[in-house]
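Student: Structure provided below as structure tokens; questions to follow.
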Amino acid sequence: MLSRIKKYLRITRHRTVITQRKDHTVSRALIDPNALKVLHRLNRAGYTAYLVGGGVRDLLLGRTPKDFDISTSAHPHEIKDLFRNCMLIGRRFRLAHIRFRDMIIETSTFRRPGSHDPDADTHGRHAKHKRTNTFGTPEEDVQMRDFTINGLFYDIKNFTVIDYVGGQKDLERGLIRCIGNPNKRFPDDPVRMLRAIRFASRLGFSIEKKTLRAIVKHRAELKNAAPARLIEEIYRFFGFRTGQAAFRLLAETKILPILLPTLDKQLRAAPSSNPSLWKYLEAFDKMKPGEGVQREAAIITALAYPLFEARLQNNFDRDKAVQHQDLAREVLREFQGTLPVPRRVVDSLTRAFDAQRRFENPKARFSKKRFVLQSSFPQALFVREMVLRARGGNTGELKKWINLKEDFLKKDAENGTSNPHDAVPPTAKPAARKRRRRRRKPAGSSETPRTTNS
């Protein structure tokens with residue numbers, strides 16, 4: 001009985017604040033029509049349904065939400081009965097993805113403490129949770145969310161914002177605060193620590209002291225997280241041109257040596273006279289990857305090229321001959337460690353890093369036509385632009401290379417020839433399959449298989 005009272009007091013220790021329409025900035029006009037359609041249909045069917053999470057947070061901050069998530073009292077199969085365009089996903093906690101032409105509205109049932117984060121791992125050596133579908137109330141559901149600023153609900157029926165955890169005050173103060181005890185929440189799902197850093201860097205907020213101390217204390221728990229989730233969070237750091245701010249926070253919280261130890265080691269040893277990691281990240285935040293440049297490869301470039309540059313300079317100082325491709329592949333392998341960087345990204349960057357010697361010495365003897373017409377040229381040009389921006393150089397030279405490529409393509413079009421360096425022309429026929437010659441049987445052999453008597 002005592003434990004139930006303590007649990008109730010913990011859930012209700014923040015006074016519920018309901019903000020009326022005239023006192024907040026959330027407007028139906030700013031909510032996607034598809035999200036409104038889902039909310040209204042659930043309400044008409046007799047269920048409670050709220051707009052939740054980051055969508056409410058961004059609307060209150062005057063930002064454009066990236067997506068709109070909904071929580072409801074309807075169970076997953078009840079949601080599916082209401083929407084023909086609904087698909088249920090999730091091994092452990094069932095989520096409803098309601099598909100529209102250009103977006104997905106993720107709809108979840110209110111959870112209860114004891115059910116677990118649907119983003120957490122559910123199998124393998126990283127698993128900490130069992131499969132469960134335990135449904136609860138909005139007051140219980142908010143306790144399952146990560147940070148107070150993401151624990152706000154918007155009720156479309158009366159246009160109010162419902163706050164059970166003090167999220168609106170933290171929005172006003174610019175604070176990232178963990179819901180519940182961070183010393184329990186972070187070991188339960190270590191990736192939450194990276195999410196705290198992502199929100200702080202993206203919104204320009206500071207991390208509340210207790211939450212920050214817990215991040216520093218439990219940072220080693222990230223070694224138990226699934227590598228696929230870690231690399232995805234690294235990519236998300238760069239979603240709002242805030243990569244440098246995020247990585248500065250990773251260094252301050254001492255997470256960087258756990259996440260990317262090779263990068264941390266180079267950052268500590270790099271002389272101040274060379275373009276540092278911060279300059280490359282600052283350059284990347286101001287750039288936009290163009291056509292033909294893979295997003296993942298562009299991000300890894302900003303992080304790994306300072307390592308490649310330092311290693312190249314070290315070999316040059318020792319008068320040691322170096323194969324640029326071999327060195328690039330070695331640096332990228334050391335950089336990624338256990339993170340699952342796709343092989344296509346490593347191969348693409350290996351060629352792009354190697355190509356920088358062509359830009360550095362354009363008077364050397366090499367086929368410029370072959371160089372600018374190969375498929376890896378856009379990625380190589382992106383790397384070159386980042387290097388020039390980090391060094392404070394003139395990016396005007398890039399236009400010369402782009403014009404050179406356009407001239408070669410124009411001449412090939414006039415002559416009716418295609419680029420031989422990229423791919424086989426679409427009209428080419430596949431090579432004829434070589435017919436296999438039958439082996440001749442030795443003389444005296446039988447045509448029928450030999451049998452044995454039983």
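FYI, nothing fancy with the structure tokens labels: chains A, B, ... in order, residues from 1 per chain, ligands from 1 as they appear.
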For Ala196 (chain A), work out the shell of residues within 12 Å, counting only C-alpha atoms and skipping chain neighbours fewer than 5 positions away, then give it as a PyMOL selection string.
Tutor: chain A and resi 146-150+175-179+182+186+190-191+201-208+211-212+214-215+233+237+246+249-250+253
Student: At most 12 Å is the cut-off: for each residue in region 87-197 of chain A with any atom that close to an atom of region 35-50 of chain A, write down the nearest atom pair and the distance in Å rounded to one decimal, counting only C-alpha atoms, chain first then increasing number, as a tab-separated table.
Tutor:
residue	atom	partner	partner_atom	distance
A:Ala96	CA	A:Val38	CA	11.4
A:His97	CA	A:Val38	CA	11.1
A:Ile98	CA	A:Val38	CA	8.4
A:Arg99	CA	A:Val38	CA	10.7
A:Phe100	CA	A:Ala35	CA	9.9
A:Met103	CA	A:Ala35	CA	9.8
A:Ile104	CA	A:Ala35	CA	9.2
A:Ile105	CA	A:Ala35	CA	6.5
A:Glu106	CA	A:Ala35	CA	9.3
A:Thr107	CA	A:Val38	CA	8.8
A:Ser108	CA	A:Ala49	CA	9.7
A:Thr109	CA	A:Ala49	CA	9.1
A:Phe110	CA	A:Ala49	CA	9.4
A:Gly136	CA	A:Thr48	CA	12.0
A:Thr137	CA	A:Thr48	CA	9.8
A:Pro138	CA	A:Tyr50	CA	9.1
A:Asp141	CA	A:Tyr50	CA	11.6
A:Val142	CA	A:Tyr50	CA	11.7
A:Gly151	CA	A:Tyr50	CA	11.4
A:Leu152	CA	A:Tyr50	CA	9.4
A:Phe153	CA	A:Tyr50	CA	5.8
A:Tyr154	CA	A:Tyr50	CA	5.4
A:Asp155	CA	A:Tyr50	CA	5.1
A:Ile156	CA	A:Tyr50	CA	6.9
A:Lys157	CA	A:Asn43	CA	7.9
A:Asn158	CA	A:Tyr50	CA	10.9
A:Phe159	CA	A:Tyr50	CA	10.2
A:Thr160	CA	A:Tyr50	CA	10.1
A:Val161	CA	A:Tyr50	CA	9.4
A:Ile162	CA	A:Tyr50	CA	9.3
A:Asp163	CA	A:Tyr50	CA	11.9
Student: If you run DSSP on the backbone, which residues of region 134-204 of chain A are helix (DSSP H, G or I), as a ChimeraX atom specification?
Tutor: /A:138-144,148-150,167-173,182-188,191-203
Student: Can you spit out the residues from that selection as a short mmCIF file (atom, residue, chain, number, x, y, z; two decimals), in the first residue's frame, using N, CA and C atoms?
Tutor:
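Result went into part-v4.cif, see below:
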data_model
loop_
_atom_site.label_atom_id
_atom_site.label_comp_id
_atom_site.auth_asym_id
_atom_site.auth_seq_id
_atom_site.Cartn_x
_atom_site.Cartn_y
_atom_site.Cartn_z
N PRO A 138 -3.29 9.35 -19.61
CA PRO A 138 -2.36 10.40 -20.02
C PRO A 138 -1.37 10.76 -18.91
N GLU A 139 -1.83 10.82 -17.67
CA GLU A 139 -0.93 11.15 -16.56
C GLU A 139 0.18 10.11 -16.41
N GLU A 140 -0.14 8.85 -16.65
CA GLU A 140 0.88 7.79 -16.57
C GLU A 140 1.76 7.79 -17.81
N ASP A 141 1.16 8.07 -18.95
CA ASP A 141 1.92 8.05 -20.20
C ASP A 141 3.04 9.08 -20.21
N VAL A 142 2.78 10.26 -19.64
CA VAL A 142 3.79 11.32 -19.68
C VAL A 142 5.04 10.91 -18.90
N GLN A 143 4.88 10.03 -17.90
CA GLN A 143 6.04 9.57 -17.14
C GLN A 143 6.96 8.67 -17.95
N MET A 144 6.47 8.17 -19.09
CA MET A 144 7.28 7.32 -19.95
C MET A 144 8.10 8.13 -20.95
N THR A 148 10.97 16.93 -20.04
CA THR A 148 9.75 17.68 -19.72
C THR A 148 9.25 18.48 -20.92
N ILE A 149 10.15 19.00 -21.74
CA ILE A 149 9.71 19.82 -22.88
C ILE A 149 9.03 18.96 -23.95
N ASN A 150 9.22 17.63 -23.86
CA ASN A 150 8.54 16.72 -24.79
C ASN A 150 7.32 16.06 -24.15
N GLY A 167 6.70 21.18 -18.15
CA GLY A 167 7.41 21.38 -19.42
C GLY A 167 7.35 22.80 -19.92
N GLN A 168 6.24 23.51 -19.70
CA GLN A 168 6.14 24.89 -20.19
C GLN A 168 7.12 25.81 -19.47
N LYS A 169 7.29 25.61 -18.17
CA LYS A 169 8.27 26.42 -17.43
C LYS A 169 9.68 26.17 -17.94
N ASP A 170 9.99 24.90 -18.24
CA ASP A 170 11.33 24.59 -18.76
C ASP A 170 11.54 25.15 -20.16
N LEU A 171 10.47 25.24 -20.95
CA LEU A 171 10.57 25.90 -22.25
C LEU A 171 10.91 27.37 -22.08
N GLU A 172 10.26 28.01 -21.11
CA GLU A 172 10.53 29.42 -20.86
C GLU A 172 11.95 29.64 -20.34
N ARG A 173 12.43 28.71 -19.52
CA ARG A 173 13.78 28.84 -18.95
C ARG A 173 14.88 28.36 -19.90
N PRO A 182 16.91 10.80 -13.39
CA PRO A 182 17.83 10.53 -14.51
C PRO A 182 18.82 9.41 -14.21
N ASN A 183 19.12 9.18 -12.95
CA ASN A 183 20.04 8.10 -12.60
C ASN A 183 19.42 6.73 -12.82
N LYS A 184 18.11 6.68 -13.02
CA LYS A 184 17.44 5.43 -13.39
C LYS A 184 17.07 5.42 -14.87
N ARG A 185 16.67 6.58 -15.38
CA ARG A 185 16.20 6.63 -16.77
C ARG A 185 17.34 6.45 -17.77
N PHE A 186 18.52 7.02 -17.52
CA PHE A 186 19.61 6.92 -18.48
C PHE A 186 20.21 5.50 -18.57
N PRO A 187 20.45 4.81 -17.45
CA PRO A 187 20.90 3.42 -17.60
C PRO A 187 19.86 2.53 -18.26
N ASP A 188 18.57 2.85 -18.07
CA ASP A 188 17.51 2.08 -18.70
C ASP A 188 17.57 2.18 -20.22
N VAL A 191 20.71 5.87 -24.81
CA VAL A 191 20.62 6.77 -25.96
C VAL A 191 19.89 8.06 -25.58
N ARG A 192 19.13 8.04 -24.50
CA ARG A 192 18.48 9.27 -24.02
C ARG A 192 19.51 10.37 -23.75
N MET A 193 20.71 10.00 -23.34
CA MET A 193 21.75 11.00 -23.08
C MET A 193 22.12 11.74 -24.36
N LEU A 194 22.20 11.02 -25.48
CA LEU A 194 22.49 11.66 -26.76
C LEU A 194 21.31 12.53 -27.21
N ARG A 195 20.10 12.09 -26.90
CA ARG A 195 18.93 12.89 -27.24
C ARG A 195 18.93 14.21 -26.45
N ALA A 196 19.35 14.17 -25.20
CA ALA A 196 19.45 15.40 -24.40
C ALA A 196 20.43 16.37 -25.06
N ILE A 197 21.55 15.85 -25.51
CA ILE A 197 22.54 16.70 -26.18
C ILE A 197 22.00 17.23 -27.50
N ARG A 198 21.27 16.39 -28.23
CA ARG A 198 20.70 16.83 -29.52
C ARG A 198 19.70 17.96 -29.30
N PHE A 199 18.80 17.82 -28.33
CA PHE A 199 17.81 18.87 -28.09
C PHE A 199 18.47 20.15 -27.58
N ALA A 200 19.47 20.01 -26.71
CA ALA A 200 20.14 21.19 -26.18
C ALA A 200 20.84 21.98 -27.29
N SER A 201 21.53 21.28 -28.18
CA SER A 201 22.25 21.96 -29.26
C SER A 201 21.29 22.51 -30.30
N ARG A 202 20.23 21.76 -30.60
CA ARG A 202 19.27 22.21 -31.62
C ARG A 202 18.49 23.44 -31.17
N LEU A 203 18.05 23.45 -29.90
CA LEU A 203 17.20 24.53 -29.41
C LEU A 203 17.99 25.66 -28.75
#
Student: Write out as a PyMOL selection string which residues come within 10 Å of Val387 (chain A) when counting only C-alpha atoms, dropping same-chain ones fewer than 2 positions away.
Tutor: chain A and resi 275+279-280+283-284+301-302+305-306+309+356+381-385+389-393+395
Student: Name the residues in contact with His24 (chain A) at a cut-off of 10 Å, using only C-alpha atoms, excluding same-chain residues fewer than 2 positions from it; report them as a list of chain:residue names.
Tutor: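 Here the answer would be A:Thr19, A:Gln20, A:Arg21, A:Lys22, A:Val26, A:Ser27, A:Leu59, A:Leu60, A:Phe159, A:Thr160, A:Val161.
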Student: Would you mind reading off the distance between CA of Ile255 (chain A) and CA of Ala220 (chain A), one decimal, in Å?
Tutor: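 Result for CA of Ile255 (chain A) versus CA of Ala220 (chain A): 7.9 Å, one decimal.
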Student: Under the rule that only C-alpha atoms are counted, which of A:Asn181, A:Asn224, A:Ser348, A:Thr64 is the nearest residue to Ala298 (chain A)?
Tutor: A:Ser348
